[in-house]
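Novice: Sharing a structure with you now.
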Amino acid sequence: MKDKKPSKKLQKKAGDTPHERERGRGLPSREQVLEFVSSSTAPIGKREIARAFNIKGADRIPLKQMLKKMAEDGLLEKRENKKVNRTGELPPVSMLEITHRDTDGELIARPMEWRSTEPEPTIVIAPEFKKARSAKGEDEPPAGVGDRVLARLTKSTDPNEIYAYEAKVIRRIGKGAEQILGLFRAKSEGGRIVPVDKKVRNEYEVTREDAGDAKDGDLVLAEGLPGRRYGLARARVKESFGRSSDPKSISLIAIHSHGIPDHFPESVIKAAEETKAKGIEGRTDLRDIPLVTIDPVDARDHDDAVWAEPDTDPQNEGGQIVIVAIADVAAYVLPGSPMDREARKRGNSTYFPDRVVPMLPERISTDLCSLREKEDRACLAVRMVFDKHGQKKSHEFVRGLMRSAARLTYRQMQEAIDGAPDDKTGPLLGPVLRPLWNAYKTLCIAREKRGPLDLDLPEYKAEIDPTGRIAAVHIAAKYESMKLIEEFMIQANVCAAETLQQKGRKLVFRIHDVPSYEKLTALSEFLQTLDISFPKGQVTKPASFNKILHDVQGKEYDEMVSTIVLRSQSQAVYSPDNIGHFGLNLRHYAHFTSPIRRYADLIVHRALVSSTDAKAKDGQSDEEIGAMTEIAEHISTTERRSMLAERDSNDRFIAAFLESRIGAEFPGRISGVTRFGLFIKLEETGADGLVPIANLGTEFFHHDEAAHALVGERSGLTYRLGERVTVRLEEAVPITGGLRFEMIEGGRPGKPAGRNGSGRPASKGRPKGLPKRSGGKPKPSGGKPFKSKSKVGRSPKS
């Protein structure tokens, strides 16, 4: 990097300062040197100063003496590599430690080296959207609390700014103190922390001084401390979140353990509150069209509305016209704004049984962009024309202003179609609901021909009581009206992808790759154990899987096969490079219909806006276009993060719900088979727990990986994935979400595995999961498996 030349102001001749020594030798003044050092964006030493002020030859000797005297006077600080910086200031590239998040959710750091007697400056970390690369060329996660980073600093010139510097991370250097989220157990000398993560086996010791204000039973965030080679590791409590028994703590555990931002910065809240509703100017008036929203009964926001009618064009006899209107979030969340930066950081909303962590503030998500009944709302709508076979003939996007005719639930819609309309759906049945249903049935013709992957596994829903606890868990009702909305949304998403590709706009596609060869091989080997043929060399299409699912329907292992087929699929992700969507069997697909809760959809909305008006302020920005690959990777990661957090939260809620039923027996199915035991999914609640292999009997069990089974070495007793069993609940730990069962009834006779049987012998180790119970370590006896109370683990694929 070239040295920054001093300004004309700095190039004044010597003699304009009171420093006689420097004045007589043609040197810059002390003030000029300090200004040059402060304004430089690169490391500065004697050589850089001499070059900047055109000091050559023998004049460099008095310059060296001058700089030495300035250091002695406390004006400059000497640093490594013969560099200097102004006292009380940081060099332009510094080592930092990220210590915490402020109340606005921003990462805050401190300098690793600070020699001044002045207070350490506060440093805010600029958001990272481009993934860093390690020395091995591998992607590194964004820097977070506890990390040490090398960063480029920019000094704030705003006197009202509370942070002295903004830092852009160049690379992560290492991890700082280990962060531990856990349950605090107070003792006379301090306490212990039991981690909430089932994979962490060890507890942490906390001294009285390091316990802070934490009380027995509190959920705390702590940091690991250096210390002993033997005994318990040590930790210091950094923050207490209140009683772990409080139902609200369950979601907090998932939020903090997965690093999900749950507080909006004040600047974002202020911007949202000051936002005004959009009017009709520049929009197509759709308020006379009776669009309706159809959502779950507990939906908090409504970002899509639908309408349909038969096409009266004689050239399209039997055809249908469908309009899908989506909340125009792009009109309110401008590229690069504080609200946009926060939405991009979150990537998506995260849904827990008792709360939602939204991508956008409530002023936007549940008010201005929620398509409320009888209220005017800005929208981005697509009008689609289908022929009598359900094939799309044409489509057109418009920015409009709509007014929802009614807010309906899936159940209301279904009951109206089935002949039991209520007071609200009755007047809408003929003019609105029946045409929607007829259009859906027409689209089903094309869907059936297309043949998307048709998996139908039960979904469980928890009901929360007023205290925040689970009152009941049941299999969620399914209505065909859900498929109506799903199919309309899919078609709208296809239209968005096709339009943007035709107009050459950059976007993020929703892509789903074909299953890998390894997964197809494993699936084929498993199906062979059921005498089902699945040739590995064939061209794989969704129809191949659908045939298998159809053939096993109604058989005792149908759910087992559905589960294995699901696990054989690739993970759907976001990408600027289109490879199509295997599961939906579509060549062009992008997410467009949920911009309130998914950042990917907001990107697509902006691209559609720019496709008709390249200069629109609420369209795509150059920065967004240039960062499309990094954004796609980031939002794919945040999506997986939310899925894991939601699953962990559900596990903990259900463990709390079942804690009072220890000793009860439950019917279930084997949902996972591992070398250390069986995972059981209860039919009543969908809860997953472990039957440790040591509790299956007195013989060794071999893990037959291809057959997804445990097989007794002597008896041949076999436990296979998907089989029905009866178990007794032995232990439930809400803090980790762990459940441990005892097998009561299950398994079927089979061929003894023998000592040379397939798979591996039963594990003698102690699986990870629930904290160890009292009674000391288990001991082997007579070559039989350990009789320990095994910990709960989770199947990697469950």
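By order of appearance in the structure tokens: chains A, B, ..., then residues from 1 within every chain, and ligands from 1 in the order shown.
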Please provide as a PyMOL selection string all residues within 7 Å of A:Arg606, with the sequence filter that same-chain residues fewer than 3 positions apart are discarded (counting only C-alpha atoms).

Specialist: chain A and resi 330+602-603+609-610+618-620

Novice: Residues of stretch 452-559 of chain A that have any atom at most 9 Å from an atom of stretch 244-266 of chain A: could you tabulate them with the shortest-distance atom pair and the distance in Å to one decimal, using only C-alpha atoms, ordered by chain and increasing number, as a tab-separated table?

Specialist:
residue	atom	partner	partner_atom	distance
A:Thr467	CA	A:Pro247	CA	7.7
A:Gly468	CA	A:Pro247	CA	5.6
A:Arg469	CA	A:Pro247	CA	5.8
A:Ile470	CA	A:Pro247	CA	8.9

Novice: Output all heavy atoms for every residue in the selection just made, as a compact mmCIF listing (two decimals), in the first residue's frame.

Specialist:
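Output below, filename part35.txt:
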# COMPACT_ATOMS: atom_id res chain seq x y z
N THR A 467 -49.29 -19.94 31.44
CA THR A 467 -48.06 -19.80 32.23
C THR A 467 -46.81 -20.03 31.38
O THR A 467 -45.70 -19.87 31.87
CB THR A 467 -48.05 -20.80 33.39
OG1 THR A 467 -47.94 -22.14 32.88
CG2 THR A 467 -49.31 -20.67 34.22
N GLY A 468 -46.98 -20.42 30.12
CA GLY A 468 -45.84 -20.68 29.26
C GLY A 468 -45.41 -22.12 29.22
O GLY A 468 -44.42 -22.46 28.57
N ARG A 469 -46.16 -23.00 29.90
CA ARG A 469 -45.83 -24.42 29.90
C ARG A 469 -46.66 -25.16 28.87
O ARG A 469 -47.72 -24.70 28.46
CB ARG A 469 -46.06 -25.02 31.29
CG ARG A 469 -45.08 -24.53 32.34
CD ARG A 469 -45.39 -25.13 33.72
NE ARG A 469 -44.33 -24.88 34.66
CZ ARG A 469 -44.17 -23.73 35.33
NH1 ARG A 469 -45.04 -22.75 35.14
NH2 ARG A 469 -43.16 -23.57 36.16
N ILE A 470 -46.17 -26.33 28.45
CA ILE A 470 -46.91 -27.14 27.49
C ILE A 470 -48.10 -27.79 28.18
O ILE A 470 -47.96 -28.46 29.21
CB ILE A 470 -46.00 -28.22 26.86
CG1 ILE A 470 -45.01 -27.56 25.91
CG2 ILE A 470 -46.82 -29.25 26.12
CD1 ILE A 470 -44.19 -28.54 25.09

Novice: Write out as a PyMOL selection string all residues of stretch 150-180 of chain A that backbone DSSP assigns to strand (DSSP E).

Specialist: chain A and resi 150-155+165-175+179-180

Novice: Taking 5 positions as the minimum chain separation for residues in the same chain, which residues sit within 12 Å of A:Glu415 when counting only C-alpha atoms? Answer as a PDB file with C-alpha atoms, in the first residue's frame.

Specialist:
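And here is the file that came out, result.pdb:
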ATOM      1  CA  LEU A 408     -59.405 -17.358   7.255  1.00  0.00           C
ATOM      2  CA  THR A 409     -57.829 -20.425   8.817  1.00  0.00           C
ATOM      3  CA  TYR A 410     -57.071 -23.676   7.027  1.00  0.00           C
ATOM      4  CA  ALA A 420     -70.016 -26.833   6.721  1.00  0.00           C
ATOM      5  CA  PRO A 421     -69.348 -23.098   6.258  1.00  0.00           C
ATOM      6  CA  ASP A 422     -69.551 -20.781   9.253  1.00  0.00           C
ATOM      7  CA  ASP A 423     -70.890 -17.238   9.449  1.00  0.00           C
ATOM      8  CA  LYS A 424     -67.706 -15.857   7.939  1.00  0.00           C
ATOM      9  CA  THR A 425     -67.067 -18.360   5.151  1.00  0.00           C
ATOM     10  CA  GLY A 426     -70.736 -18.794   4.161  1.00  0.00           C
ATOM     11  CA  LEU A 429     -68.187 -19.760  -0.444  1.00  0.00           C
ATOM     12  CA  LEU A 433     -63.717 -20.013  -1.930  1.00  0.00           C
ATOM     13  CA  ARG A 434     -65.228 -22.352  -4.509  1.00  0.00           C
ATOM     14  CA  TYR A 479     -56.188 -30.210   5.691  1.00  0.00           C
ATOM     15  CA  GLU A 480     -56.192 -30.259   1.910  1.00  0.00           C
ATOM     16  CA  SER A 481     -56.595 -26.489   2.073  1.00  0.00           C
TER      17      SER A 481
END

Novice: Separation of atom CA of A:Gln502 and atom CA of A:Ala590, in Å?

Specialist: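 Interatomic distance here is 13.6 Å.
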